[in-house]
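Undergrad: Here it is, the structure in full.
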Amino acid sequence: MPSAPEPISISAAPRRRKGERTAERILDAAEALFAEHGYAGTALRDVATEVGLRTPSLYNHFSSKESLYAAVLERGIRPVFEVLSQVVEAPEKADRDVRQVVERAMELVARHPNVPRLIQHETLSGGRRLTPMLRAWIQPVFERAQEMVETSSPATRWGRDQVPLLALAMYHVFAGYFTIAPLYRDMNGQDLLTEEALKKQARFFADLVALLFADEAPPPKPSRQPRGEGALRTL
């Protein structure tokens, strides 16, 4: 006589989903704290307090502060790297839609806007111990971006020695938008991270990339400056 099947546990899946939700909350809190205080200035107890956990409970999800930091970087950077990889690895699409790539990348970074600030904080503070970790995530993104520029047919107007500078400039325009957002909000009261503002920036950046990738530089437009106003204005 066949043995009766073992009872199915209906609580395993909910527990697993709850654990995943808790891990996401930990990552969200850690991303914000690392961006604000840097790696050295953030303790695991700070993250646990922010999430409403005891510090030992946090170890159920991440074994150390370094593993948590790496998970924050991976969550924020890997999707962008994968988008760039798909573009580079599809050379048969000569008519790649750069605008679509830019808008998709903006959408991904907007989900974790503190990651560019986190990277800037560690760069400015000279986090030498973390340099290998940062290089492991950032360097491939730069390399993919450079490959994307090199394999674009309109990019022939740029000299080979200028391609890395072009990729670097694109990064600064892209990441700089997110790093300046808190300061811009404090100065002007405008939130650059609203859905409308992000869409506007994505369109602007896509237009900028299209101009940079154009076969020839467009003729400069004559500038008009209202009387009585200086050339520089407040952001």
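Scheme for the structure tokens: letters A, B, ... for chains in order shown; per-chain residue numbers from 1; ligand numbers from 1 in order shown.
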Considering only C-alpha atoms, tabulate each residue of range 96-164 of chain A that lies at most 7 Å from range 67-91 of chain A along with its nearest interatomic pair and the corresponding distance in Å to one decimal; arrange the rows by chain and ascending residue number and present them as CSV.
TA:
```
residue,atom,partner,partner_atom,distance
A:Ala105,CA,A:Val80,CA,5.8
A:Leu108,CA,A:Val80,CA,6.7
A:Val109,CA,A:Gly76,CA,6.8
A:His112,CA,A:Gly76,CA,6.0
A:Val115,CA,A:Gly76,CA,6.3
A:Trp137,CA,A:Ile77,CA,6.8
A:Val141,CA,A:Phe81,CA,5.4
A:Arg144,CA,A:Leu84,CA,5.9
A:Ala145,CA,A:Leu84,CA,6.6
A:Glu147,CA,A:Val88,CA,6.5
A:Met148,CA,A:Val88,CA,5.5
```
Undergrad: Could you give me, as a ChimeraX atom specification, the residues within 12 Å of Lys65 in chain A, counting only C-alpha atoms and dropping anything in the same chain fewer than 3 positions from it?
TA: /A:26-27,30-31,34,38-48,55,58-59,61-62,68-72,130
Undergrad: Now that the selection is made, can you save its residues with N, CA and C atoms as a PDB file, in the first residue's frame?
TA:
```
ATOM      1  N   ILE A  26      16.300  46.319   4.058  1.00  0.00           N
ATOM      2  CA  ILE A  26      17.669  46.491   4.560  1.00  0.00           C
ATOM      3  C   ILE A  26      18.530  47.158   3.488  1.00  0.00           C
ATOM      4  N   LEU A  27      18.402  46.705   2.245  1.00  0.00           N
ATOM      5  CA  LEU A  27      19.170  47.290   1.150  1.00  0.00           C
ATOM      6  C   LEU A  27      18.799  48.755   0.941  1.00  0.00           C
ATOM      7  N   ALA A  30      20.356  50.720   3.827  1.00  0.00           N
ATOM      8  CA  ALA A  30      21.814  50.750   3.698  1.00  0.00           C
ATOM      9  C   ALA A  30      22.250  51.659   2.554  1.00  0.00           C
ATOM     10  N   GLU A  31      21.528  51.622   1.442  1.00  0.00           N
ATOM     11  CA  GLU A  31      21.862  52.477   0.296  1.00  0.00           C
ATOM     12  C   GLU A  31      21.829  53.946   0.700  1.00  0.00           C
ATOM     13  N   PHE A  34      24.745  54.619   3.410  1.00  0.00           N
ATOM     14  CA  PHE A  34      26.070  54.614   2.790  1.00  0.00           C
ATOM     15  C   PHE A  34      26.278  55.872   1.941  1.00  0.00           C
ATOM     16  N   GLY A  38      28.913  57.366   3.958  1.00  0.00           N
ATOM     17  CA  GLY A  38      30.025  56.559   3.470  1.00  0.00           C
ATOM     18  C   GLY A  38      30.093  55.211   4.156  1.00  0.00           C
ATOM     19  N   TYR A  39      30.967  54.370   3.659  1.00  0.00           N
ATOM     20  CA  TYR A  39      31.119  53.028   4.223  1.00  0.00           C
ATOM     21  C   TYR A  39      31.620  53.094   5.657  1.00  0.00           C
ATOM     22  N   ALA A  40      32.698  53.872   5.877  1.00  0.00           N
ATOM     23  CA  ALA A  40      33.302  53.931   7.206  1.00  0.00           C
ATOM     24  C   ALA A  40      32.363  54.555   8.236  1.00  0.00           C
ATOM     25  N   GLY A  41      31.523  55.485   7.815  1.00  0.00           N
ATOM     26  CA  GLY A  41      30.654  56.181   8.751  1.00  0.00           C
ATOM     27  C   GLY A  41      29.329  55.506   9.006  1.00  0.00           C
ATOM     28  N   THR A  42      29.119  54.343   8.432  1.00  0.00           N
ATOM     29  CA  THR A  42      27.852  53.617   8.605  1.00  0.00           C
ATOM     30  C   THR A  42      28.097  52.307   9.333  1.00  0.00           C
ATOM     31  N   ALA A  43      27.402  52.098  10.423  1.00  0.00           N
ATOM     32  CA  ALA A  43      27.504  50.850  11.176  1.00  0.00           C
ATOM     33  C   ALA A  43      26.274  49.989  10.907  1.00  0.00           C
ATOM     34  N   LEU A  44      26.450  48.696  11.037  1.00  0.00           N
ATOM     35  CA  LEU A  44      25.315  47.795  10.807  1.00  0.00           C
ATOM     36  C   LEU A  44      24.178  48.072  11.780  1.00  0.00           C
ATOM     37  N   ARG A  45      24.514  48.518  12.989  1.00  0.00           N
ATOM     38  CA  ARG A  45      23.441  48.833  13.942  1.00  0.00           C
ATOM     39  C   ARG A  45      22.611  50.019  13.452  1.00  0.00           C
ATOM     40  N   ASP A  46      23.248  50.952  12.692  1.00  0.00           N
ATOM     41  CA  ASP A  46      22.496  52.078  12.129  1.00  0.00           C
ATOM     42  C   ASP A  46      21.480  51.578  11.108  1.00  0.00           C
ATOM     43  N   VAL A  47      21.920  50.639  10.288  1.00  0.00           N
ATOM     44  CA  VAL A  47      21.023  50.066   9.279  1.00  0.00           C
ATOM     45  C   VAL A  47      19.894  49.305   9.957  1.00  0.00           C
ATOM     46  N   ALA A  48      20.248  48.496  10.959  1.00  0.00           N
ATOM     47  CA  ALA A  48      19.240  47.704  11.665  1.00  0.00           C
ATOM     48  C   ALA A  48      18.210  48.611  12.333  1.00  0.00           C
ATOM     49  N   THR A  55      20.320  44.130  15.558  1.00  0.00           N
ATOM     50  CA  THR A  55      21.497  43.884  14.716  1.00  0.00           C
ATOM     51  C   THR A  55      21.717  42.397  14.438  1.00  0.00           C
ATOM     52  N   LEU A  58      19.855  41.151  11.470  1.00  0.00           N
ATOM     53  CA  LEU A  58      20.338  41.583  10.162  1.00  0.00           C
ATOM     54  C   LEU A  58      21.301  40.553   9.565  1.00  0.00           C
ATOM     55  N   TYR A  59      22.037  39.854  10.454  1.00  0.00           N
ATOM     56  CA  TYR A  59      22.992  38.843   9.972  1.00  0.00           C
ATOM     57  C   TYR A  59      22.292  37.638   9.340  1.00  0.00           C
ATOM     58  N   HIS A  61      20.409  37.937   6.956  1.00  0.00           N
ATOM     59  CA  HIS A  61      20.288  38.312   5.549  1.00  0.00           C
ATOM     60  C   HIS A  61      21.637  38.658   4.911  1.00  0.00           C
ATOM     61  N   PHE A  62      22.538  39.262   5.696  1.00  0.00           N
ATOM     62  CA  PHE A  62      23.851  39.657   5.167  1.00  0.00           C
ATOM     63  C   PHE A  62      24.901  39.331   6.219  1.00  0.00           C
ATOM     64  N   LEU A  68      26.948  43.465   2.670  1.00  0.00           N
ATOM     65  CA  LEU A  68      25.784  44.334   2.483  1.00  0.00           C
ATOM     66  C   LEU A  68      26.114  45.447   1.500  1.00  0.00           C
ATOM     67  N   TYR A  69      27.296  46.029   1.640  1.00  0.00           N
ATOM     68  CA  TYR A  69      27.735  47.086   0.729  1.00  0.00           C
ATOM     69  C   TYR A  69      27.813  46.563  -0.707  1.00  0.00           C
ATOM     70  N   ALA A  70      28.377  45.371  -0.854  1.00  0.00           N
ATOM     71  CA  ALA A  70      28.488  44.769  -2.188  1.00  0.00           C
ATOM     72  C   ALA A  70      27.112  44.505  -2.779  1.00  0.00           C
ATOM     73  N   ALA A  71      26.165  44.088  -1.945  1.00  0.00           N
ATOM     74  CA  ALA A  71      24.810  43.818  -2.431  1.00  0.00           C
ATOM     75  C   ALA A  71      24.118  45.101  -2.872  1.00  0.00           C
ATOM     76  N   VAL A  72      24.373  46.210  -2.161  1.00  0.00           N
ATOM     77  CA  VAL A  72      23.819  47.504  -2.555  1.00  0.00           C
ATOM     78  C   VAL A  72      24.354  47.912  -3.923  1.00  0.00           C
ATOM     79  N   LEU A 130      37.953  49.878  -0.348  1.00  0.00           N
ATOM     80  CA  LEU A 130      36.826  49.475  -1.175  1.00  0.00           C
ATOM     81  C   LEU A 130      37.076  49.685  -2.658  1.00  0.00           C
TER      82      LEU A 130
END
```
Undergrad: Output as an MDAnalysis selection string all residues of range 69-203 of chain A that backbone DSSP marks as helix (DSSP H, G or I).
TA: chainID A and resid 69:88 98:111 114:124 128:150 153:157 160:188 195:203
Undergrad: Pick out the closest residue to Glu196 in chain A from this set: A:Arg135, A:Ser57, A:Asn114, A:Glu107. Count only C-alpha atoms.
TA: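 The shortest atom-to-atom distance to Glu196 in chain A comes from A:Glu107.
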Undergrad: What separation in Å, quoted to one decimal, exists between CA of Met170 in chain A and CA of Val209 in chain A?
TA: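 Result for CA of Met170 in chain A versus CA of Val209 in chain A: 7.9 Å, one decimal.
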Undergrad: I'd like to know which of A:Pro182, A:Gly189, A:Gly159, A:Gly19 is closest to Ala35 in chain A, using only C-alpha atoms.
TA: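 Of A:Pro182, A:Gly189, A:Gly159, A:Gly19, the one nearest Ala35 in chain A, counting only C-alpha atoms, is A:Pro182.
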Undergrad: When distances are computed from only C-alpha atoms, which of A:Leu212, A:Ala136, A:Arg104, A:Val98 shows the smallest separation from Ala169 in chain A?
TA: A:Leu212
